[in-house]
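Listing of start-v7.cif, mmCIF, C-alpha atoms
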data_start
#
loop_
_atom_site.label_atom_id
_atom_site.label_comp_id
_atom_site.auth_asym_id
_atom_site.auth_seq_id
_atom_site.Cartn_x
_atom_site.Cartn_y
_atom_site.Cartn_z
CA MET L 1 39.02 18.99 6.63
CA GLY L 2 37.46 15.69 7.70
CA GLU L 3 34.13 14.49 6.47
CA VAL L 4 31.05 15.74 8.31
CA ARG L 5 28.36 13.16 9.00
CA ALA L 6 24.67 14.03 8.97
CA LYS L 7 22.86 13.82 12.29
CA HIS L 8 19.32 14.59 11.07
CA VAL L 9 17.93 13.51 7.70
CA ALA L 10 14.41 14.13 6.43
CA ILE L 11 12.80 12.36 3.49
CA ILE L 12 9.86 13.31 1.27
CA MET L 13 8.65 9.81 0.42
CA ASP L 14 7.31 10.33 -3.09
CA GLY L 15 6.37 7.93 -5.88
CA ASN L 16 4.06 5.27 -4.46
CA GLY L 17 1.33 5.98 -7.02
CA ARG L 18 3.74 6.04 -9.97
CA TRP L 19 5.37 2.81 -8.77
CA ALA L 20 1.96 1.10 -8.82
CA LYS L 21 0.92 2.64 -12.15
CA LYS L 22 4.09 1.38 -13.86
CA ARG L 23 3.10 -2.13 -12.81
CA GLY L 24 -0.60 -1.86 -13.58
CA LEU L 25 -1.46 -2.10 -9.88
CA PRO L 26 -3.88 -0.09 -7.70
CA ARG L 27 -2.42 2.93 -5.88
CA SER L 28 -3.23 1.16 -2.61
CA ILE L 29 -0.62 -1.49 -3.44
CA GLY L 30 1.92 1.27 -4.05
CA HIS L 31 1.20 2.69 -0.61
CA GLN L 32 1.57 -0.77 0.93
CA ARG L 33 4.96 -1.19 -0.72
CA GLY L 34 5.84 2.30 0.51
CA VAL L 35 5.17 1.18 4.08
CA GLU L 36 7.46 -1.79 3.50
CA ALA L 37 10.17 0.64 2.40
CA VAL L 38 9.73 2.57 5.65
CA ARG L 39 10.05 -0.67 7.59
CA ARG L 40 13.27 -1.63 5.78
CA LEU L 41 14.73 1.79 6.38
CA VAL L 42 13.95 1.94 10.09
CA ARG L 43 15.36 -1.55 10.62
CA GLY L 44 18.54 -0.60 8.74
CA LEU L 45 19.30 2.63 10.62
CA GLU L 46 21.58 1.24 13.31
CA PRO L 47 24.92 1.40 11.45
CA MET L 48 24.32 4.81 9.87
CA GLY L 49 24.94 6.91 12.96
CA LEU L 50 21.92 9.19 12.54
CA GLU L 51 20.47 10.90 15.58
CA CYS L 52 17.12 11.51 13.89
CA LEU L 53 15.24 10.47 10.75
CA THR L 54 12.13 12.47 9.78
CA LEU L 55 9.62 11.06 7.28
CA TYR L 56 6.89 13.00 5.46
CA ALA L 57 4.06 10.49 5.79
CA PHE L 58 0.84 12.50 5.32
CA SER L 59 0.59 16.17 4.45
CA SER L 60 -2.25 18.54 5.26
CA GLU L 61 -2.80 18.76 1.49
CA ASN L 62 -3.22 14.99 1.14
CA TRP L 63 -6.84 15.34 2.31
CA LYS L 64 -7.56 16.56 -1.24
CA ARG L 65 -7.01 13.04 -2.57
CA SER L 66 -9.95 10.71 -3.18
CA GLU L 67 -11.88 9.51 -0.14
CA ASP L 68 -10.91 5.92 -0.93
CA GLU L 69 -7.20 6.73 -1.12
CA VAL L 70 -7.27 8.72 2.12
CA GLY L 71 -9.12 5.85 3.77
CA ASP L 72 -6.49 3.40 2.55
CA LEU L 73 -3.71 5.61 3.92
CA MET L 74 -5.38 5.91 7.31
CA ASN L 75 -5.90 2.14 7.52
CA LEU L 76 -2.28 1.56 6.57
CA MET L 77 -1.28 3.90 9.37
CA ARG L 78 -3.35 1.90 11.86
CA LYS L 79 -1.83 -1.40 10.68
CA PHE L 80 1.71 -0.03 10.73
CA ILE L 81 1.42 1.25 14.29
CA LYS L 82 -0.02 -2.06 15.50
CA SER L 83 2.51 -4.24 13.69
CA ASP L 84 5.70 -2.21 14.17
CA LEU L 85 5.37 -0.62 17.60
CA PRO L 86 6.91 -3.69 19.32
CA ASP L 87 9.89 -3.43 16.93
CA PHE L 88 10.31 0.25 17.77
CA VAL L 89 10.39 -0.55 21.48
CA ALA L 90 12.75 -3.51 21.02
CA ASN L 91 15.11 -1.49 18.82
CA ASP L 92 15.31 1.54 21.13
CA VAL L 93 13.49 3.87 18.69
CA LYS L 94 11.87 6.99 20.13
CA LEU L 95 8.91 8.18 18.09
CA HIS L 96 8.12 11.86 17.50
CA ILE L 97 5.06 13.13 15.64
CA ILE L 98 5.08 16.53 13.94
CA GLY L 99 2.11 18.30 12.39
CA ASP L 100 -1.50 18.71 13.49
CA TRP L 101 -1.76 14.98 14.20
CA GLN L 102 -4.28 15.39 17.01
CA ALA L 103 -6.85 16.37 14.37
CA LEU L 104 -6.73 12.83 12.93
CA ALA L 105 -9.39 10.23 13.71
CA PRO L 106 -9.75 9.70 17.50
CA ASP L 107 -8.68 6.05 17.37
CA ILE L 108 -5.51 6.96 15.45
CA VAL L 109 -4.75 9.76 17.93
CA GLU L 110 -5.13 7.27 20.78
CA MET L 111 -2.81 4.79 19.05
CA LEU L 112 -0.22 7.50 18.44
CA GLU L 113 -0.36 8.70 22.04
CA ASP L 114 0.22 5.13 23.19
CA ALA L 115 3.13 4.75 20.75
CA LEU L 116 4.71 7.98 21.96
CA ALA L 117 4.43 6.82 25.57
CA GLN L 118 5.80 3.34 24.89
CA THR L 119 8.82 4.63 22.94
CA ALA L 120 9.63 7.62 25.16
CA GLY L 121 12.83 6.05 26.46
CA GLY L 122 14.36 5.29 23.07
CA SER L 123 17.72 6.75 22.03
CA LYS L 124 17.24 6.61 18.22
CA ARG L 125 14.73 9.18 17.07
CA LEU L 126 12.19 8.71 14.30
CA ALA L 127 9.97 11.72 13.57
CA VAL L 128 6.88 11.19 11.43
CA ALA L 129 5.05 14.12 9.83
CA LEU L 130 1.29 13.52 9.96
CA ASN L 131 -1.31 16.03 8.81
CA TYR L 132 1.72 18.27 8.42
CA GLY L 133 2.20 21.50 6.49
CA ALA L 134 5.13 23.85 7.05
CA HIS L 135 3.03 26.99 6.59
CA ASP L 136 0.68 25.80 9.33
CA GLU L 137 3.58 24.84 11.59
CA ILE L 138 5.24 28.25 11.25
CA ALA L 139 1.92 30.07 11.77
CA ARG L 140 1.23 28.06 14.94
CA ALA L 141 4.74 28.71 16.25
CA ALA L 142 4.49 32.44 15.49
CA ALA L 143 1.12 32.64 17.25
CA LYS L 144 2.60 31.00 20.35
CA ALA L 145 5.56 33.38 20.24
CA ALA L 146 3.18 36.33 19.99
CA GLU L 147 1.22 35.08 22.99
CA ALA L 148 4.50 35.02 24.92
CA GLY L 149 5.21 38.58 23.76
CA GLU L 150 8.35 37.86 21.75
CA VAL L 151 8.09 37.47 17.98
CA THR L 152 11.69 36.81 16.96
CA ALA L 153 13.27 34.12 14.81
CA GLN L 154 14.60 32.45 17.93
CA ALA L 155 11.22 32.54 19.67
CA ILE L 156 9.46 31.06 16.66
CA GLU L 157 12.07 28.35 16.18
CA ALA L 158 11.74 27.34 19.82
CA ARG L 159 8.02 26.70 19.26
CA LEU L 160 8.22 24.69 16.04
CA ASP L 161 7.10 21.05 16.09
CA THR L 162 10.75 20.09 15.66
CA ALA L 163 12.09 22.21 18.51
CA ASP L 164 13.40 19.18 20.41
CA LEU L 165 15.02 17.58 17.35
CA PRO L 166 18.56 18.19 16.02
CA PRO L 167 18.97 20.81 13.27
CA LEU L 168 18.17 19.42 9.84
CA ASP L 169 21.27 18.47 7.87
CA LEU L 170 19.96 16.76 4.75
CA LEU L 171 16.60 16.67 2.99
CA ILE L 172 15.98 13.94 0.41
CA ARG L 173 13.10 13.67 -2.04
CA THR L 174 12.48 10.54 -4.06
CA SER L 175 10.77 10.05 -7.46
CA GLY L 176 12.57 12.78 -9.41
CA GLU L 177 10.36 15.68 -8.33
CA ILE L 178 12.35 18.80 -7.40
CA ARG L 179 10.27 20.73 -4.89
CA LEU L 180 9.70 20.86 -1.12
CA SER L 181 5.90 20.54 -1.11
CA ASN L 182 5.43 22.58 2.08
CA PHE L 183 7.77 20.34 4.11
CA LEU L 184 10.14 21.68 6.78
CA LEU L 185 10.47 25.07 5.08
CA TRP L 186 11.94 26.75 8.15
CA GLN L 187 14.21 23.86 9.06
CA ALA L 188 15.52 23.47 5.49
CA ALA L 189 16.87 27.03 5.33
CA TYR L 190 20.50 25.81 5.38
CA ALA L 191 20.01 22.07 4.93
CA GLU L 192 21.66 20.27 2.04
CA MET L 193 19.19 18.79 -0.46
CA LEU L 194 19.24 15.71 -2.62
CA PHE L 195 16.64 14.81 -5.25
CA ILE L 196 16.80 11.27 -6.61
CA ASP L 197 14.83 9.48 -9.32
CA THR L 198 14.16 6.32 -7.28
CA LEU L 199 10.47 5.80 -6.52
CA TRP L 200 9.83 5.48 -2.80
CA PRO L 201 8.82 1.77 -2.73
CA ASP L 202 12.23 0.96 -4.27
CA PHE L 203 14.18 3.07 -1.74
CA THR L 204 16.49 0.98 0.45
CA PRO L 205 18.91 1.54 3.33
CA GLU L 206 21.66 1.42 0.70
CA HIS L 207 20.15 4.48 -1.00
CA LEU L 208 20.24 6.33 2.33
CA SER L 209 23.81 5.22 2.97
CA GLN L 210 24.83 6.57 -0.45
CA ALA L 211 23.04 9.85 0.30
CA LEU L 212 24.94 10.15 3.58
CA ASP L 213 28.22 9.55 1.75
CA ASP L 214 27.28 12.29 -0.73
CA PHE L 215 26.48 14.65 2.15
CA ALA L 216 29.81 13.94 3.82
CA ARG L 217 31.64 15.18 0.71
CA ARG L 218 29.79 18.50 0.59
CA GLU L 219 31.08 21.76 2.05
CA ARG L 220 28.45 23.55 4.12
CA ARG L 221 28.83 27.33 4.08
CA TYR L 222 25.75 28.76 5.82
CA GLY L 223 25.93 31.88 3.66
CA GLY L 224 29.69 32.27 3.93
CA ARG L 225 32.29 31.81 1.22
#

When written as C-alpha cells, how does the structure in this file appear?
Amino acid sequence: MGEVRAKHVAIIMDGNGRWAKKRGLPRSIGHQRGVEAVRRLVRGLEPMGLECLTLYAFSSENWKRSEDEVGDLMNLMRKFIKSDLPDFVANDVKLHIIGDWQALAPDIVEMLEDALAQTAGGSKRLAVALNYGAHDEIARAAAKAAEAGEVTAQAIEARLDTADLPPLDLLIRTSGEIRLSNFLLWQAAYAEMLFIDTLWPDFTPEHLSQALDDFARRERRYGGR
C-alpha cells in the first residue's frame, strides 16, 4: 500500500507559559513567541499539501486564567489579525473560526467578520478555535438537530462548527501533555494522534513535516483489523 497523506491536521498549541518560565520571562512573552510560531507555520504550509490546518487558540476554559493574562491574549489576537490579514489574503488562505467566537469582545468580533469576508476566496484553509469547547460545540449541534427533528449522528455532525471542513486526520499536541483538553472530541473519534515534547514557541514547519511523515507510515483501521 502507498503512503496516505493527511489532509486535515489540528494542533493543540501548548507550552507558551512553560517556555517563558524556563527563561525567566513573563507569560506574556511566551504567548508572543507562540504567535510567532503560528506565523511561521502558516507561512510554511504551501509545500505540505494540507487542505486544512486547525489551531486551538483560545478555549472556553481559558477565561479562568488571570484577568491580565486573558487581556494579553485578547490584545495579541487583535494585533495578529491586523498584522497578518494581508498575508492571508496574499497567500490564498481562507480563514474559518470555530467555537462561540461571536461572544468575544465586539471589536474582535468585527475584526474577525472582516477577516472572514476578506479571505473567503482562499483555497488553503486555516481554522482557528476561539472561545471553543468541544462539549459546547456538540451540545449546540445536537440542539440544532433536535430543532430540525432528527437527532442522529449524521444530523449532529452536519451541524458541528467543522461541518464544512475535511474530516480530521491527525491531531497533534505540543509540550508533552497527553490529553485532548475538550478539543475536537467528536472529530477526533478516528483521527491519529501525536503528542510531542516540544513547547509551542519552538514548534516549526519542520516539526509539522515530520509529523506528516509519521502519519503517512501509520495504518488507519477505523475499528477494523

Selection under test: the PyMOL selection byres ((chain L and resi 102) around 12); residues as a list in words
Ile97, Ile98, Gly99, Asp100, Trp101, Ala103, Leu104, Ala105, Pro106, Asp107, Ile108, Val109, Glu110, Met111, Leu112, Glu113, Ala129, Leu130, Asn131 and Tyr132 of chain L

From the list L:Val35, L:Val128, L:Ala139, L:Val42, the nearest residue to Asp202 in chain L using all atoms listed in the file is L:Val35

Please measure the separation of CA of Glu51 in chain L and CA of Asn75 in chain L, giving the value in Å to one decimal.
28.9 Å

Could you tell me, as a PyMOL selection string, exactly which residues end up selected when the PyMOL selection byres ((chain L and resi 188) around 12) is applied to this structure?
chain L and resi 8-11+134+162+167-172+179-180+182-187+189-194+222

I need the residue nearest Lys82 in chain L from this list: L:Ile196, L:Ala158, L:Ala115, L:Ala142. Use all atoms listed in the file for the distance.
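That would be L:Ala115, the residue with the smallest distance to Lys82 in chain L.
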
Go through L:Trp19, L:Leu50, L:Glu137, L:Lys7 and flag the residue nearest Asp197 in chain L, using only C-alpha atoms for the distances.
L:Trp19

Tell me, as JSON, numbers by chain, which residues lie within 12 Å of Trp63 in chain L, counting only C-alpha atoms; anything in the same chain fewer than 4 positions away does not count.
{"L": [58, 59, 67, 68, 69, 70, 71, 72, 73, 74, 104, 130, 131, 132, 133]}

Those selected residues, please, written with C-alpha atoms and delivered as a PDB file, keeping the file's coordinate frame.
ATOM      1  CA  PHE L  58       0.840  12.500   5.320  1.00  0.00           C
ATOM      2  CA  SER L  59       0.590  16.170   4.450  1.00  0.00           C
ATOM      3  CA  GLU L  67     -11.880   9.510  -0.140  1.00  0.00           C
ATOM      4  CA  ASP L  68     -10.910   5.920  -0.930  1.00  0.00           C
ATOM      5  CA  GLU L  69      -7.200   6.730  -1.120  1.00  0.00           C
ATOM      6  CA  VAL L  70      -7.270   8.720   2.120  1.00  0.00           C
ATOM      7  CA  GLY L  71      -9.120   5.850   3.770  1.00  0.00           C
ATOM      8  CA  ASP L  72      -6.490   3.400   2.550  1.00  0.00           C
ATOM      9  CA  LEU L  73      -3.710   5.610   3.920  1.00  0.00           C
ATOM     10  CA  MET L  74      -5.380   5.910   7.310  1.00  0.00           C
ATOM     11  CA  LEU L 104      -6.730  12.830  12.930  1.00  0.00           C
ATOM     12  CA  LEU L 130       1.290  13.520   9.960  1.00  0.00           C
ATOM     13  CA  ASN L 131      -1.310  16.030   8.810  1.00  0.00           C
ATOM     14  CA  TYR L 132       1.720  18.270   8.420  1.00  0.00           C
ATOM     15  CA  GLY L 133       2.200  21.500   6.490  1.00  0.00           C
TER      16      GLY L 133
END

Closest to Glu46 in chain L among L:Lys124, L:Lys22, L:Lys94, L:His31, using only C-alpha atoms?
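With only C-alpha atoms as the atom set, the closest residue is L:Lys124.
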
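Using all atoms listed in the file, the protein and nucleic acid residues lying no more than 8 Å from Arg125 in chain L, apart from those fewer than 5 places from it along its own chain, are L:Glu51, L:Cys52, L:Leu53, L:Val93, L:Lys94, L:Leu95, L:His96.
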
Would you work out the distance separating CA of Ile138 in chain L from CA of Asn62 in chain L, expressed in Å to one decimal?
18.7 Å
